[in-house]
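Q: Enclosed is the structure file input.cif (mmCIF, C-alpha atoms and all ligand atoms).
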```
data_protein
loop_
_atom_site.label_atom_id
_atom_site.label_comp_id
_atom_site.auth_asym_id
_atom_site.auth_seq_id
_atom_site.Cartn_x
_atom_site.Cartn_y
_atom_site.Cartn_z
CA MET P 1 -71.08 -90.18 -132.30
CA ASP P 2 -69.44 -90.17 -128.86
CA LEU P 3 -72.65 -90.15 -126.80
CA ALA P 4 -70.88 -89.79 -123.46
CA ALA P 5 -69.09 -86.64 -124.56
CA GLU P 6 -72.29 -85.35 -126.14
CA THR P 7 -74.40 -85.72 -123.02
CA ALA P 8 -71.71 -84.41 -120.69
CA THR P 9 -71.77 -80.93 -122.20
CA LEU P 10 -74.48 -78.36 -121.59
CA ASP P 11 -74.14 -75.23 -123.60
CA SER P 12 -76.61 -72.61 -122.43
CA ARG P 13 -75.98 -69.97 -125.07
CA ARG P 14 -79.08 -68.19 -126.20
CA PRO P 15 -78.84 -67.37 -129.90
CA ALA P 16 -82.55 -66.44 -129.93
CA GLU P 17 -81.76 -63.54 -127.63
CA THR P 18 -78.25 -62.56 -128.52
CA ASP P 19 -79.29 -62.45 -132.19
CA ALA P 20 -82.54 -60.59 -131.46
CA PRO P 21 -83.25 -57.74 -133.83
CA ALA P 22 -82.68 -54.28 -132.39
CA GLY P 23 -85.77 -52.88 -130.74
CA ARG P 24 -86.99 -56.23 -129.47
CA VAL P 25 -87.51 -56.38 -125.70
CA VAL P 26 -85.98 -59.39 -123.95
CA VAL P 27 -85.83 -60.38 -120.29
CA ARG P 28 -82.40 -60.12 -118.69
CA ALA P 29 -81.17 -61.29 -115.27
CA ILE P 30 -79.57 -58.19 -113.77
CA VAL P 31 -76.97 -58.47 -111.01
CA ALA P 32 -78.71 -56.19 -108.51
CA GLY P 33 -76.69 -56.92 -105.36
CA ILE P 34 -73.47 -58.66 -104.27
CA GLY P 35 -72.32 -59.77 -100.80
CA GLY P 36 -69.79 -62.00 -99.10
CA TYR P 37 -68.84 -63.52 -95.76
CA LEU P 38 -65.45 -64.72 -94.56
CA PRO P 39 -64.83 -66.61 -91.30
CA GLU P 40 -63.14 -64.55 -88.62
CA ARG P 41 -60.22 -66.93 -88.07
CA ILE P 42 -57.26 -66.37 -90.39
CA VAL P 43 -54.60 -69.06 -90.75
CA GLY P 44 -51.28 -67.99 -92.28
CA ASN P 45 -48.88 -70.25 -94.16
CA ASP P 46 -46.46 -70.27 -91.23
CA GLU P 47 -49.12 -71.71 -88.95
CA LEU P 48 -49.65 -74.61 -91.37
CA SER P 49 -45.92 -75.22 -91.62
CA ARG P 50 -45.97 -76.13 -87.93
CA THR P 51 -48.26 -79.12 -88.58
CA VAL P 52 -47.29 -80.31 -92.11
CA ASP P 53 -44.00 -80.41 -93.98
CA THR P 54 -44.40 -77.19 -95.94
CA SER P 55 -43.17 -73.60 -95.91
CA ASP P 56 -44.51 -70.11 -96.49
CA SER P 57 -42.14 -69.67 -99.43
CA TRP P 58 -43.26 -72.90 -101.19
CA ILE P 59 -46.94 -72.02 -100.83
CA ARG P 60 -46.46 -68.40 -102.02
CA GLU P 61 -44.26 -69.32 -104.96
CA ARG P 62 -46.27 -72.28 -106.22
CA THR P 63 -49.78 -70.87 -105.59
CA GLY P 64 -49.76 -67.17 -104.60
CA ILE P 65 -51.54 -68.01 -101.32
CA HIS P 66 -50.46 -66.14 -98.16
CA GLN P 67 -53.33 -67.04 -95.83
CA ARG P 68 -56.84 -68.49 -95.71
CA HIS P 69 -59.96 -68.06 -93.54
CA ILE P 70 -60.98 -71.17 -91.63
CA ALA P 71 -64.49 -71.62 -90.23
CA GLN P 72 -65.12 -72.11 -86.52
CA PRO P 73 -67.76 -74.70 -85.51
CA HIS P 74 -70.66 -72.20 -85.61
CA GLU P 75 -69.63 -71.00 -89.10
CA THR P 76 -71.44 -73.69 -91.07
CA CYS P 77 -72.23 -73.56 -94.77
CA ALA P 78 -75.76 -72.31 -94.00
CA PHE P 79 -74.51 -69.69 -91.53
CA MET P 80 -72.00 -68.22 -93.98
CA ALA P 81 -74.41 -68.46 -96.93
CA THR P 82 -77.07 -66.61 -94.95
CA ARG P 83 -74.65 -63.79 -94.07
CA ALA P 84 -73.55 -63.45 -97.70
CA ALA P 85 -77.17 -63.52 -98.92
CA GLN P 86 -78.20 -60.85 -96.41
CA ALA P 87 -75.38 -58.64 -97.64
CA ALA P 88 -76.40 -59.17 -101.30
CA LEU P 89 -80.06 -58.35 -100.56
CA ALA P 90 -79.09 -55.22 -98.59
CA ASP P 91 -76.82 -54.15 -101.45
CA ALA P 92 -79.72 -54.55 -103.90
CA GLY P 93 -82.15 -52.74 -101.61
CA ALA P 94 -84.25 -55.92 -101.78
CA ALA P 95 -86.40 -57.56 -99.11
CA PRO P 96 -86.77 -61.31 -98.37
CA GLY P 97 -90.18 -61.11 -100.08
CA ASP P 98 -88.44 -60.26 -103.36
CA VAL P 99 -86.71 -63.66 -103.44
CA ASP P 100 -88.50 -66.29 -105.53
CA ALA P 101 -85.67 -68.86 -105.56
CA ILE P 102 -82.41 -69.64 -103.77
CA LEU P 103 -79.76 -71.62 -105.65
CA LEU P 104 -76.85 -72.65 -103.45
CA ALA P 105 -73.70 -74.15 -104.93
CA THR P 106 -71.75 -76.20 -102.41
CA ALA P 107 -69.87 -79.45 -101.95
CA THR P 108 -69.95 -79.04 -98.17
CA PRO P 109 -73.63 -78.70 -97.15
CA ASP P 110 -74.69 -78.71 -93.50
CA GLN P 111 -76.81 -81.83 -94.03
CA ALA P 112 -77.63 -84.30 -96.81
CA PHE P 113 -81.11 -82.77 -96.63
CA PRO P 114 -82.85 -80.45 -96.29
CA ALA P 115 -80.90 -78.51 -98.85
CA THR P 116 -78.72 -75.84 -97.26
CA ALA P 117 -80.53 -73.40 -99.57
CA LEU P 118 -83.66 -74.05 -97.50
CA ARG P 119 -81.85 -73.43 -94.20
CA VAL P 120 -80.94 -70.08 -95.75
CA GLN P 121 -84.53 -69.56 -96.89
CA ALA P 122 -85.77 -70.09 -93.32
CA ALA P 123 -83.10 -67.84 -91.81
CA LEU P 124 -83.94 -65.04 -94.26
CA GLY P 125 -87.71 -65.53 -94.04
CA CYS P 126 -88.18 -65.92 -97.80
CA GLY P 127 -90.86 -67.81 -99.70
CA GLY P 128 -90.45 -69.38 -103.13
CA PHE P 129 -88.26 -72.45 -103.60
CA GLY P 130 -84.60 -73.43 -103.47
CA PHE P 131 -82.10 -76.22 -103.92
CA ASP P 132 -78.42 -77.05 -103.64
CA LEU P 133 -76.28 -77.67 -106.66
CA SER P 134 -73.07 -79.69 -106.84
CA ALA P 135 -70.45 -78.75 -109.43
CA ALA P 136 -67.41 -78.28 -107.13
CA CYS P 137 -65.38 -75.15 -107.93
CA SER P 138 -67.55 -74.37 -110.98
CA GLY P 139 -70.68 -74.45 -108.80
CA PHE P 140 -71.27 -70.71 -108.73
CA ILE P 141 -71.18 -70.44 -112.53
CA TYR P 142 -73.54 -73.41 -112.83
CA ALA P 143 -75.93 -71.84 -110.29
CA LEU P 144 -75.70 -68.44 -111.97
CA SER P 145 -76.62 -70.08 -115.26
CA MET P 146 -79.65 -71.76 -113.67
CA GLY P 147 -80.70 -68.48 -112.03
CA ASP P 148 -80.44 -66.75 -115.40
CA LEU P 149 -82.64 -69.42 -116.97
CA LEU P 150 -85.26 -69.15 -114.20
CA ILE P 151 -85.50 -65.40 -114.72
CA ARG P 152 -85.52 -65.45 -118.51
CA SER P 153 -88.15 -68.21 -118.55
CA GLY P 154 -90.38 -66.13 -116.28
CA GLN P 155 -90.36 -68.73 -113.48
CA ALA P 156 -88.75 -66.28 -111.05
CA ARG P 157 -88.20 -62.54 -110.86
CA GLY P 158 -85.73 -62.49 -107.98
CA VAL P 159 -83.08 -65.21 -107.47
CA LEU P 160 -80.38 -65.48 -104.83
CA VAL P 161 -77.36 -67.32 -106.24
CA ILE P 162 -74.92 -68.38 -103.53
CA GLY P 163 -71.58 -70.19 -103.41
CA ALA P 164 -70.68 -71.35 -99.87
CA GLU P 165 -68.03 -73.80 -98.76
CA VAL P 166 -66.34 -75.21 -95.66
CA TYR P 167 -63.61 -77.25 -97.32
CA SER P 168 -61.68 -77.20 -94.04
CA ARG P 169 -64.05 -80.00 -92.98
CA ILE P 170 -63.15 -82.26 -95.92
CA MET P 171 -59.40 -81.63 -95.85
CA ASN P 172 -56.87 -84.29 -95.06
CA TRP P 173 -54.80 -82.07 -92.79
CA GLN P 174 -51.85 -84.46 -93.15
CA ASP P 175 -51.73 -84.05 -96.96
CA ARG P 176 -49.52 -81.05 -97.73
CA GLY P 177 -50.42 -81.34 -101.40
CA THR P 178 -54.00 -80.20 -100.71
CA CYS P 179 -54.45 -78.80 -97.20
CA VAL P 180 -52.47 -75.62 -97.89
CA LEU P 181 -54.63 -74.74 -100.90
CA PHE P 182 -58.15 -74.24 -99.59
CA GLY P 183 -60.11 -71.85 -97.39
CA ASP P 184 -63.71 -71.30 -96.26
CA GLY P 185 -66.24 -68.58 -97.10
CA ALA P 186 -69.43 -67.62 -98.92
CA GLY P 187 -70.48 -65.16 -101.60
CA ALA P 188 -73.86 -64.31 -103.09
CA VAL P 189 -75.49 -62.28 -105.82
CA PHE P 190 -79.12 -61.24 -106.07
CA LEU P 191 -80.48 -61.47 -109.64
CA ARG P 192 -83.47 -59.35 -110.54
CA ALA P 193 -85.53 -59.52 -113.74
CA GLY P 194 -84.96 -56.57 -116.05
CA THR P 195 -85.24 -55.92 -119.75
CA GLY P 196 -82.88 -55.30 -122.62
CA GLU P 197 -82.80 -55.29 -126.39
CA GLY P 198 -81.00 -58.61 -126.80
CA THR P 199 -77.62 -57.05 -127.56
CA GLY P 200 -74.28 -56.96 -125.76
CA ALA P 201 -75.10 -53.43 -124.66
CA ASP P 202 -77.82 -54.77 -122.32
CA ARG P 203 -77.25 -54.90 -118.58
CA GLY P 204 -77.41 -58.37 -117.07
CA ILE P 205 -76.11 -61.85 -117.75
CA LEU P 206 -75.19 -61.85 -121.45
CA SER P 207 -74.24 -65.52 -121.72
CA THR P 208 -73.24 -68.58 -119.75
CA HIS P 209 -71.42 -71.66 -121.04
CA LEU P 210 -71.27 -74.86 -118.99
CA HIS P 211 -69.13 -77.92 -119.65
CA ALA P 212 -68.36 -81.20 -117.93
CA ASP P 213 -66.34 -84.33 -118.58
CA GLY P 214 -67.16 -87.08 -116.12
CA LYS P 215 -64.36 -89.27 -117.50
CA LEU P 216 -61.95 -86.96 -115.66
CA GLY P 217 -63.68 -87.54 -112.30
CA ASP P 218 -60.68 -89.21 -110.72
CA ILE P 219 -58.19 -86.34 -110.86
CA LEU P 220 -60.08 -84.27 -108.24
CA TYR P 221 -62.66 -85.81 -105.93
CA VAL P 222 -63.79 -86.48 -102.36
CA ASP P 223 -63.18 -90.11 -101.40
CA GLY P 224 -66.38 -90.54 -99.38
CA ALA P 225 -69.85 -89.12 -98.78
CA VAL P 226 -72.42 -88.18 -96.15
CA GLY P 227 -74.19 -91.46 -96.94
CA ARG P 228 -71.14 -93.49 -95.87
CA ALA P 229 -70.83 -93.53 -92.08
CA ASP P 230 -67.40 -95.20 -92.33
CA LYS P 231 -66.06 -92.59 -94.73
CA PRO P 232 -67.34 -89.01 -94.75
CA GLY P 233 -64.47 -88.30 -97.14
CA HIS P 234 -61.43 -86.17 -97.80
CA LEU P 235 -60.48 -84.17 -100.87
CA VAL P 236 -57.99 -85.93 -103.15
CA MET P 237 -56.27 -84.18 -106.06
CA ASN P 238 -53.74 -84.88 -108.76
CA GLY P 239 -52.61 -81.25 -108.79
CA LYS P 240 -50.45 -81.42 -111.90
CA GLU P 241 -53.22 -82.96 -114.03
CA VAL P 242 -55.83 -80.50 -112.77
CA PHE P 243 -53.43 -77.61 -113.44
CA ARG P 244 -52.91 -78.76 -117.02
CA HIS P 245 -56.66 -79.03 -117.69
CA ALA P 246 -57.35 -75.72 -115.92
CA VAL P 247 -55.14 -73.67 -118.22
CA VAL P 248 -56.45 -75.30 -121.40
CA ARG P 249 -60.16 -75.43 -120.51
CA LEU P 250 -60.34 -71.98 -118.92
CA SER P 251 -58.62 -70.41 -121.91
CA GLY P 252 -61.19 -72.13 -124.14
CA ALA P 253 -64.05 -70.96 -121.89
CA VAL P 254 -63.10 -67.29 -122.04
CA ASP P 255 -62.67 -67.40 -125.82
CA GLU P 256 -66.05 -69.10 -126.15
CA ALA P 257 -67.80 -66.45 -124.02
CA LEU P 258 -66.37 -63.58 -126.05
CA ALA P 259 -67.06 -65.24 -129.42
CA ALA P 260 -70.70 -65.94 -128.46
CA ASN P 261 -71.19 -62.24 -127.75
CA GLY P 262 -69.22 -60.94 -130.71
CA MET P 263 -66.85 -59.20 -128.31
CA ASP P 264 -63.13 -58.67 -128.38
CA HIS P 265 -60.80 -59.18 -125.41
CA ALA P 266 -60.57 -55.40 -125.12
CA ALA P 267 -64.28 -55.23 -124.20
CA VAL P 268 -63.64 -56.97 -120.87
CA ASP P 269 -63.36 -54.53 -117.96
CA TRP P 270 -62.79 -57.20 -115.31
CA LEU P 271 -61.77 -60.83 -115.37
CA VAL P 272 -62.98 -62.58 -112.23
CA PRO P 273 -61.57 -66.11 -112.44
CA HIS P 274 -61.89 -68.96 -109.97
CA GLN P 275 -59.07 -68.50 -107.48
CA ALA P 276 -57.17 -71.80 -107.42
CA ASN P 277 -53.62 -70.85 -108.27
CA MET P 278 -52.08 -67.48 -109.18
CA ARG P 279 -50.12 -69.17 -111.96
CA ILE P 280 -53.39 -70.28 -113.60
CA VAL P 281 -54.89 -66.79 -113.18
CA ASP P 282 -51.78 -65.26 -114.80
CA ALA P 283 -52.01 -67.67 -117.74
CA ILE P 284 -55.66 -66.76 -118.43
CA ALA P 285 -55.01 -63.02 -118.09
CA LYS P 286 -52.10 -63.33 -120.49
CA ARG P 287 -54.28 -65.08 -123.03
CA LEU P 288 -56.82 -62.24 -122.79
CA ALA P 289 -53.98 -59.69 -122.95
CA LEU P 290 -55.46 -58.19 -119.78
CA PRO P 291 -53.10 -56.39 -117.40
CA VAL P 292 -53.19 -57.84 -113.90
CA GLU P 293 -54.82 -54.60 -112.67
CA ARG P 294 -57.98 -55.67 -114.50
CA VAL P 295 -58.07 -59.11 -112.89
CA VAL P 296 -59.77 -59.47 -109.52
CA VAL P 297 -57.39 -61.49 -107.35
CA THR P 298 -58.21 -62.75 -103.86
CA ILE P 299 -56.22 -65.98 -103.78
CA ASP P 300 -53.46 -64.39 -101.70
CA ARG P 301 -55.86 -63.78 -98.80
CA HIS P 302 -58.74 -66.25 -99.34
CA ALA P 303 -56.93 -69.23 -100.92
CA ASN P 304 -59.23 -71.52 -102.93
CA THR P 305 -62.78 -71.33 -101.53
CA SER P 306 -64.21 -73.48 -104.35
CA ALA P 307 -67.78 -72.40 -105.28
CA ALA P 308 -67.44 -69.32 -103.06
CA SER P 309 -64.32 -67.95 -104.73
CA ILE P 310 -65.92 -66.03 -107.62
CA PRO P 311 -68.79 -64.41 -105.66
CA LEU P 312 -66.35 -63.52 -102.86
CA ALA P 313 -64.06 -61.87 -105.42
CA LEU P 314 -67.05 -60.02 -106.90
CA ALA P 315 -68.08 -58.88 -103.40
CA GLU P 316 -64.63 -57.55 -102.64
CA ALA P 317 -64.25 -55.66 -105.94
CA HIS P 318 -67.77 -54.27 -105.56
CA ALA P 319 -67.18 -53.13 -101.97
CA ASP P 320 -63.96 -51.29 -102.83
CA GLY P 321 -65.55 -49.55 -105.84
CA ARG P 322 -63.68 -51.31 -108.64
CA LEU P 323 -66.88 -52.70 -110.17
CA GLN P 324 -69.03 -50.03 -111.78
CA ARG P 325 -72.40 -50.12 -113.50
CA GLY P 326 -72.13 -50.75 -117.24
CA GLN P 327 -68.81 -52.61 -117.05
CA VAL P 328 -68.30 -56.02 -118.66
CA VAL P 329 -67.21 -58.76 -116.27
CA LEU P 330 -66.01 -62.19 -117.40
CA LEU P 331 -66.23 -65.08 -114.93
CA SER P 332 -64.57 -68.45 -115.51
CA ALA P 333 -64.10 -71.51 -113.33
CA LEU P 334 -62.94 -75.12 -113.35
CA GLY P 335 -63.46 -77.76 -110.69
CA GLY P 336 -63.93 -81.41 -109.80
CA GLY P 337 -66.05 -83.37 -112.21
CA LEU P 338 -64.35 -82.09 -114.25
CA THR P 339 -66.67 -79.14 -114.59
CA TRP P 340 -65.86 -75.81 -116.17
CA GLY P 341 -67.57 -72.81 -117.66
CA SER P 342 -67.91 -69.07 -118.03
CA ALA P 343 -70.37 -66.24 -117.64
CA LEU P 344 -70.28 -62.83 -119.29
CA ILE P 345 -72.12 -60.07 -117.45
CA ARG P 346 -72.70 -56.39 -118.03
CA LEU P 347 -73.17 -54.80 -114.58
O1 LIG P 401 -60.09 -75.58 -107.56
C1 LIG P 401 -60.08 -76.66 -108.45
C2 LIG P 401 -58.98 -76.53 -109.39
N1 LIG P 401 -57.72 -76.76 -108.72
C3 LIG P 401 -56.61 -76.36 -109.31
O2 LIG P 401 -56.69 -75.74 -110.35
C4 LIG P 401 -55.29 -76.73 -108.70
C5 LIG P 401 -54.33 -77.04 -109.82
N2 LIG P 401 -53.01 -77.50 -109.36
C6 LIG P 401 -52.13 -76.65 -108.77
O3 LIG P 401 -52.45 -75.52 -108.46
C7 LIG P 401 -50.72 -77.15 -108.53
O4 LIG P 401 -50.52 -78.34 -109.25
C8 LIG P 401 -50.38 -77.37 -107.03
C9 LIG P 401 -50.28 -76.05 -106.31
C10 LIG P 401 -51.44 -78.25 -106.39
C11 LIG P 401 -49.03 -78.08 -106.91
O5 LIG P 401 -48.02 -77.32 -107.59
P1 LIG P 401 -46.99 -78.06 -108.56
O6 LIG P 401 -46.06 -77.03 -109.04
O7 LIG P 401 -47.81 -78.80 -109.58
O8 LIG P 401 -46.23 -79.01 -107.59
P2 LIG P 401 -46.13 -80.60 -107.59
O9 LIG P 401 -47.43 -81.21 -107.18
O10 LIG P 401 -45.54 -81.06 -108.87
O11 LIG P 401 -45.07 -80.82 -106.47
C12 LIG P 401 -43.71 -80.34 -106.62
C13 LIG P 401 -42.95 -80.72 -105.39
C14 LIG P 401 -43.13 -82.19 -105.00
O12 LIG P 401 -41.91 -82.62 -104.45
P3 LIG P 401 -40.89 -83.51 -105.33
O13 LIG P 401 -41.68 -84.73 -105.72
O14 LIG P 401 -40.52 -82.66 -106.49
O15 LIG P 401 -39.77 -83.79 -104.38
C15 LIG P 401 -44.17 -82.16 -103.93
O16 LIG P 401 -44.06 -83.24 -103.05
O17 LIG P 401 -43.47 -79.97 -104.28
C16 LIG P 401 -43.84 -80.87 -103.24
N3 LIG P 401 -44.96 -80.29 -102.52
C17 LIG P 401 -44.83 -79.44 -101.50
N4 LIG P 401 -43.74 -78.96 -100.88
C18 LIG P 401 -43.94 -78.10 -99.86
C19 LIG P 401 -46.29 -80.47 -102.77
N5 LIG P 401 -47.02 -79.75 -101.89
C20 LIG P 401 -46.14 -79.11 -101.09
C21 LIG P 401 -46.26 -78.23 -100.00
N6 LIG P 401 -45.16 -77.74 -99.42
N7 LIG P 401 -47.48 -77.82 -99.55
#
```
For the file at hand, write its structure as structure tokens.
A:
Amino acid sequence: MDLAAETATLDSRRPAETDAPAGRVVVRAIVAGIGGYLPERIVGNDELSRTVDTSDSWIRERTGIHQRHIAQPHETCAFMATRAAQAALADAGAAPGDVDAILLATATPDQAFPATALRVQAALGCGGFGFDLSAACSGFIYALSMGDLLIRSGQARGVLVIGAEVYSRIMNWQDRGTCVLFGDGAGAVFLRAGTGEGTGADRGILSTHLHADGKLGDILYVDGAVGRADKPGHLVMNGKEVFRHAVVRLSGAVDEALAANGMDHAAVDWLVPHQANMRIVDAIAKRLALPVERVVVTIDRHANTSAASIPLALAEAHADGRLQRGQVVLLSALGGGLTWGSALIRL
């Protein structure tokens, strides 16, 4: 048995629930509120082409990105996460006292510790507990999965799940291969305990699937750390290799999510993929035979905001009325690690 491969994969399907006989009452984590925050400063492709050897047409054609939001000094990870969390709580009609746990996915925390989640806890005035979680661009799906587990196990009844990133602070602004791709921002959902019958007709998180392969750690990484004073680190990526894995693994992840729930592609109302490259998004939508109108796309305006990209996309589609109660939403992401995964939710 390949032990490394075995231990690197966490599959959080729940056959006990999804196979529950009709009439049985099960706990479900319901998405009760969604919010986002984007930095005020917008940087267009043309502005970048004045400092690195690139062009608006190359960036648009190869990635679909037109602009990105870049944080100002006061817009830290905690600041943006707090704004997004406040918006999610307000959307849910929830108070800080309803929050039992805060799970914050980020690769760009304010400090090594305390966890940025706890800076958010203090700013919101919540009790309970919280921690940061590192899974790069898949971080929100990982955190959502943990929030789902906390609720279904009965350890929490209200969980804030946040993705917040300031990748502008780990960019090598001389590397045109990476600096044009990323942006800053934060998104959050508030999960509230509810009940269902253990079928795909329930509201709430229907399944999550998490995967990782640490042997692929060197195709996308940060070459330093907070603990190294000489080298806080910059993002390094072998774009072509990551692209290749993204199409294959994300296609597998969406198939896996649907198969686990006995659903067909046609059951998906919205695909909300990680926003890394429009060509990857198109490939996944094609595989699902979903018209682009049923894919939430923000990459043109937000660029790649890593762990924030999916909750920001959810926040945008919720705010403009595209997302409606009862709809099925499929999330999928891939990031450094490599990490990848999916979540299937009925709103
Ligand atoms: O969020 C985590 C997951 N991340 C991803 O999924 C990203 C996956 N990778 C990608 O999206 C794409 O690989 C990139 C957008 C990063 C690059 O696109 P590509 O089509 O794979 O381009 P490439 O790296 O093969 O580069 C093609 C050419 C090269 O020039 P030569 O060697 O052909 O002369 C690059 O030097 O484009 C050049 N190039 C650029 N030119 C203008 C690379 N970056 C730029 C740039 N502006 N910004």
Q: Which centre and edge lengths in Å to one decimal define the box along x, y and z that fits every listed atom of ligand LIG 401 (chain P) plus 4 Å per side, as JSON?
A:
```
{"center_x": -49.9, "center_y": -80.1, "center_z": -104.9, "size_x": 28.3, "size_y": 17.2, "size_z": 18.9}
```
Q: Using all atoms listed in the file for the distances, tell me which of P:Trp340, P:Phe129, P:Phe140, P:Tyr221 is nearest to Pro311 (chain P).
A: P:Phe140
Q: Which distance in Å separates CA of Gly44 (chain P) and CA of Gly321 (chain P), to one decimal?
A: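 Pair CA of Gly44 (chain P) / CA of Gly321 (chain P) returns 27.0 Å.
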Q: Quick one: residues within 8 Å of ligand LIG 401 (chain P), with all atoms listed in the file, as a count of residues only?
A: 39
Q: I'd like to know which of P:Asp148, P:Asp269, P:Asp132, P:Asp282 is closest to Ser207 (chain P), using only C-alpha atoms.
A: P:Asp148
Q: Could you jot down the CA of Arg83 (chain P) to CA of Val31 (chain P) separation for me, Å, one decimal place?
A: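 Atom-to-atom, CA of Arg83 (chain P) to CA of Val31 (chain P), that is 17.9 Å.
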Q: At what distance in Å, to one decimal, does CA of Ile30 (chain P) lie from CA of Val268 (chain P)?
A: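 Atom-to-atom, CA of Val268 (chain P) to CA of Ile30 (chain P), that is 17.5 Å.
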Q: Using all atoms listed in the file for the distances, tell me which of P:Val296, P:Ala94, P:Ala29, P:Val328 is nearest to Leu344 (chain P).
A: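 Closest residue, counting all atoms listed in the file: P:Val328.
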Q: Could you give me, as a PyMOL selection string, the residues within 9 Å of region 284-293 of chain P, counting only C-alpha atoms and dropping anything in the same chain fewer than 5 positions from it?
A: chain P and resi 247+250-251+254-255+265-266+268-271+273+279
Q: With all atoms listed in the file as the atoms that count, which of P:Gly252, P:Gly196, P:Gly341, P:Gly35 lies nearest to Ser145 (chain P)?
A: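 Checking each candidate against Ser145 (chain P), we get P:Gly341 as the closest.
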Q: Which residues are near Gly97 (chain P)? Cut-off 7 Å, all atoms listed in the file, ignore same chain within fewer than 2 positions. Put them as a list in words.
A: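 The residues satisfying every condition are Ala95, Val99, Cys126 and Gly127 of chain P.
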Q: Using only C-alpha atoms, can you tell me which of P:Gly64, P:Gly139, P:Gly93, P:Gly163 comes closest to Ala212 (chain P)?
A: P:Gly139
Q: Taking all atoms listed in the file into account, which of P:His234, P:Arg203, P:Arg249, P:His74 comes nearest Arg325 (chain P)?
A: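 The answer is P:Arg203, which sits nearest to Arg325 (chain P).
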Q: Do you know which residues lie at most 9 Å from (-57.9, -66.5, -96.3), with coordinates as in the file and all atoms listed in the file counted, and could you write them as JSON, numbers by chain?
A: {"P": [38, 39, 41, 42, 43, 44, 65, 66, 67, 68, 69, 70, 182, 183, 184, 185, 298, 299, 300, 301, 302, 303, 304, 305]}
Q: Mind writing the picked residues with C-alpha atoms as a compact mmCIF listing (two decimals), in the coordinates of the input?
A:
```txt
# COMPACT_ATOMS: atom_id res chain seq x y z
CA LEU P 38 -65.45 -64.72 -94.56
CA PRO P 39 -64.83 -66.61 -91.30
CA ARG P 41 -60.22 -66.93 -88.07
CA ILE P 42 -57.26 -66.37 -90.39
CA VAL P 43 -54.60 -69.06 -90.75
CA GLY P 44 -51.28 -67.99 -92.28
CA ILE P 65 -51.54 -68.01 -101.32
CA HIS P 66 -50.46 -66.14 -98.16
CA GLN P 67 -53.33 -67.04 -95.83
CA ARG P 68 -56.84 -68.49 -95.71
CA HIS P 69 -59.96 -68.06 -93.54
CA ILE P 70 -60.98 -71.17 -91.63
CA PHE P 182 -58.15 -74.24 -99.59
CA GLY P 183 -60.11 -71.85 -97.39
CA ASP P 184 -63.71 -71.30 -96.26
CA GLY P 185 -66.24 -68.58 -97.10
CA THR P 298 -58.21 -62.75 -103.86
CA ILE P 299 -56.22 -65.98 -103.78
CA ASP P 300 -53.46 -64.39 -101.70
CA ARG P 301 -55.86 -63.78 -98.80
CA HIS P 302 -58.74 -66.25 -99.34
CA ALA P 303 -56.93 -69.23 -100.92
CA ASN P 304 -59.23 -71.52 -102.93
CA THR P 305 -62.78 -71.33 -101.53
```
Q: Need the shell around Ala164 (chain P): protein/DNA/RNA residues with any atom at most 6 Å away, counting only C-alpha atoms. Skip same-chain ones fewer than 4 positions apart. Format as a list in words?
A: Cys77, Ala81, Thr106, Gly185, Ala186 and Ala308 of chain P
Q: Take the structure in the block and write a file for region 305-312 of chain P, N, CA, C and O atoms, as a PDB file, in the first residue's frame.
A:
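So the final result, stored in out-v9.pdb, reads:
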```pdb
ATOM      1  N   THR P 305      -8.077  35.452  -5.886  1.00  0.00           N
ATOM      2  CA  THR P 305      -7.929  35.880  -4.480  1.00  0.00           C
ATOM      3  C   THR P 305      -7.762  34.668  -3.566  1.00  0.00           C
ATOM      4  O   THR P 305      -8.092  34.734  -2.373  1.00  0.00           O
ATOM      5  N   SER P 306      -7.284  33.575  -4.111  1.00  0.00           N
ATOM      6  CA  SER P 306      -6.966  32.363  -3.353  1.00  0.00           C
ATOM      7  C   SER P 306      -8.153  31.926  -2.492  1.00  0.00           C
ATOM      8  O   SER P 306      -9.254  31.760  -3.010  1.00  0.00           O
ATOM      9  N   ALA P 307      -7.962  31.766  -1.186  1.00  0.00           N
ATOM     10  CA  ALA P 307      -9.042  31.223  -0.336  1.00  0.00           C
ATOM     11  C   ALA P 307     -10.279  32.115  -0.308  1.00  0.00           C
ATOM     12  O   ALA P 307     -11.354  31.672   0.095  1.00  0.00           O
ATOM     13  N   ALA P 308     -10.133  33.362  -0.732  1.00  0.00           N
ATOM     14  CA  ALA P 308     -11.287  34.280  -0.714  1.00  0.00           C
ATOM     15  C   ALA P 308     -12.123  34.172  -1.978  1.00  0.00           C
ATOM     16  O   ALA P 308     -13.239  34.700  -2.036  1.00  0.00           O
ATOM     17  N   SER P 309     -11.617  33.493  -3.009  1.00  0.00           N
ATOM     18  CA  SER P 309     -12.272  33.622  -4.317  1.00  0.00           C
ATOM     19  C   SER P 309     -13.669  33.017  -4.347  1.00  0.00           C
ATOM     20  O   SER P 309     -14.600  33.608  -4.887  1.00  0.00           O
ATOM     21  N   ILE P 310     -13.860  31.842  -3.731  1.00  0.00           N
ATOM     22  CA  ILE P 310     -15.187  31.212  -3.759  1.00  0.00           C
ATOM     23  C   ILE P 310     -16.190  31.979  -2.893  1.00  0.00           C
ATOM     24  O   ILE P 310     -17.286  32.300  -3.370  1.00  0.00           O
ATOM     25  N   PRO P 311     -15.865  32.309  -1.634  1.00  0.00           N
ATOM     26  CA  PRO P 311     -16.875  33.065  -0.866  1.00  0.00           C
ATOM     27  C   PRO P 311     -17.154  34.448  -1.448  1.00  0.00           C
ATOM     28  O   PRO P 311     -18.283  34.945  -1.342  1.00  0.00           O
ATOM     29  N   LEU P 312     -16.155  35.068  -2.086  1.00  0.00           N
ATOM     30  CA  LEU P 312     -16.429  36.357  -2.745  1.00  0.00           C
ATOM     31  C   LEU P 312     -17.387  36.175  -3.920  1.00  0.00           C
ATOM     32  O   LEU P 312     -18.280  36.996  -4.152  1.00  0.00           O
TER      33      LEU P 312
END
```
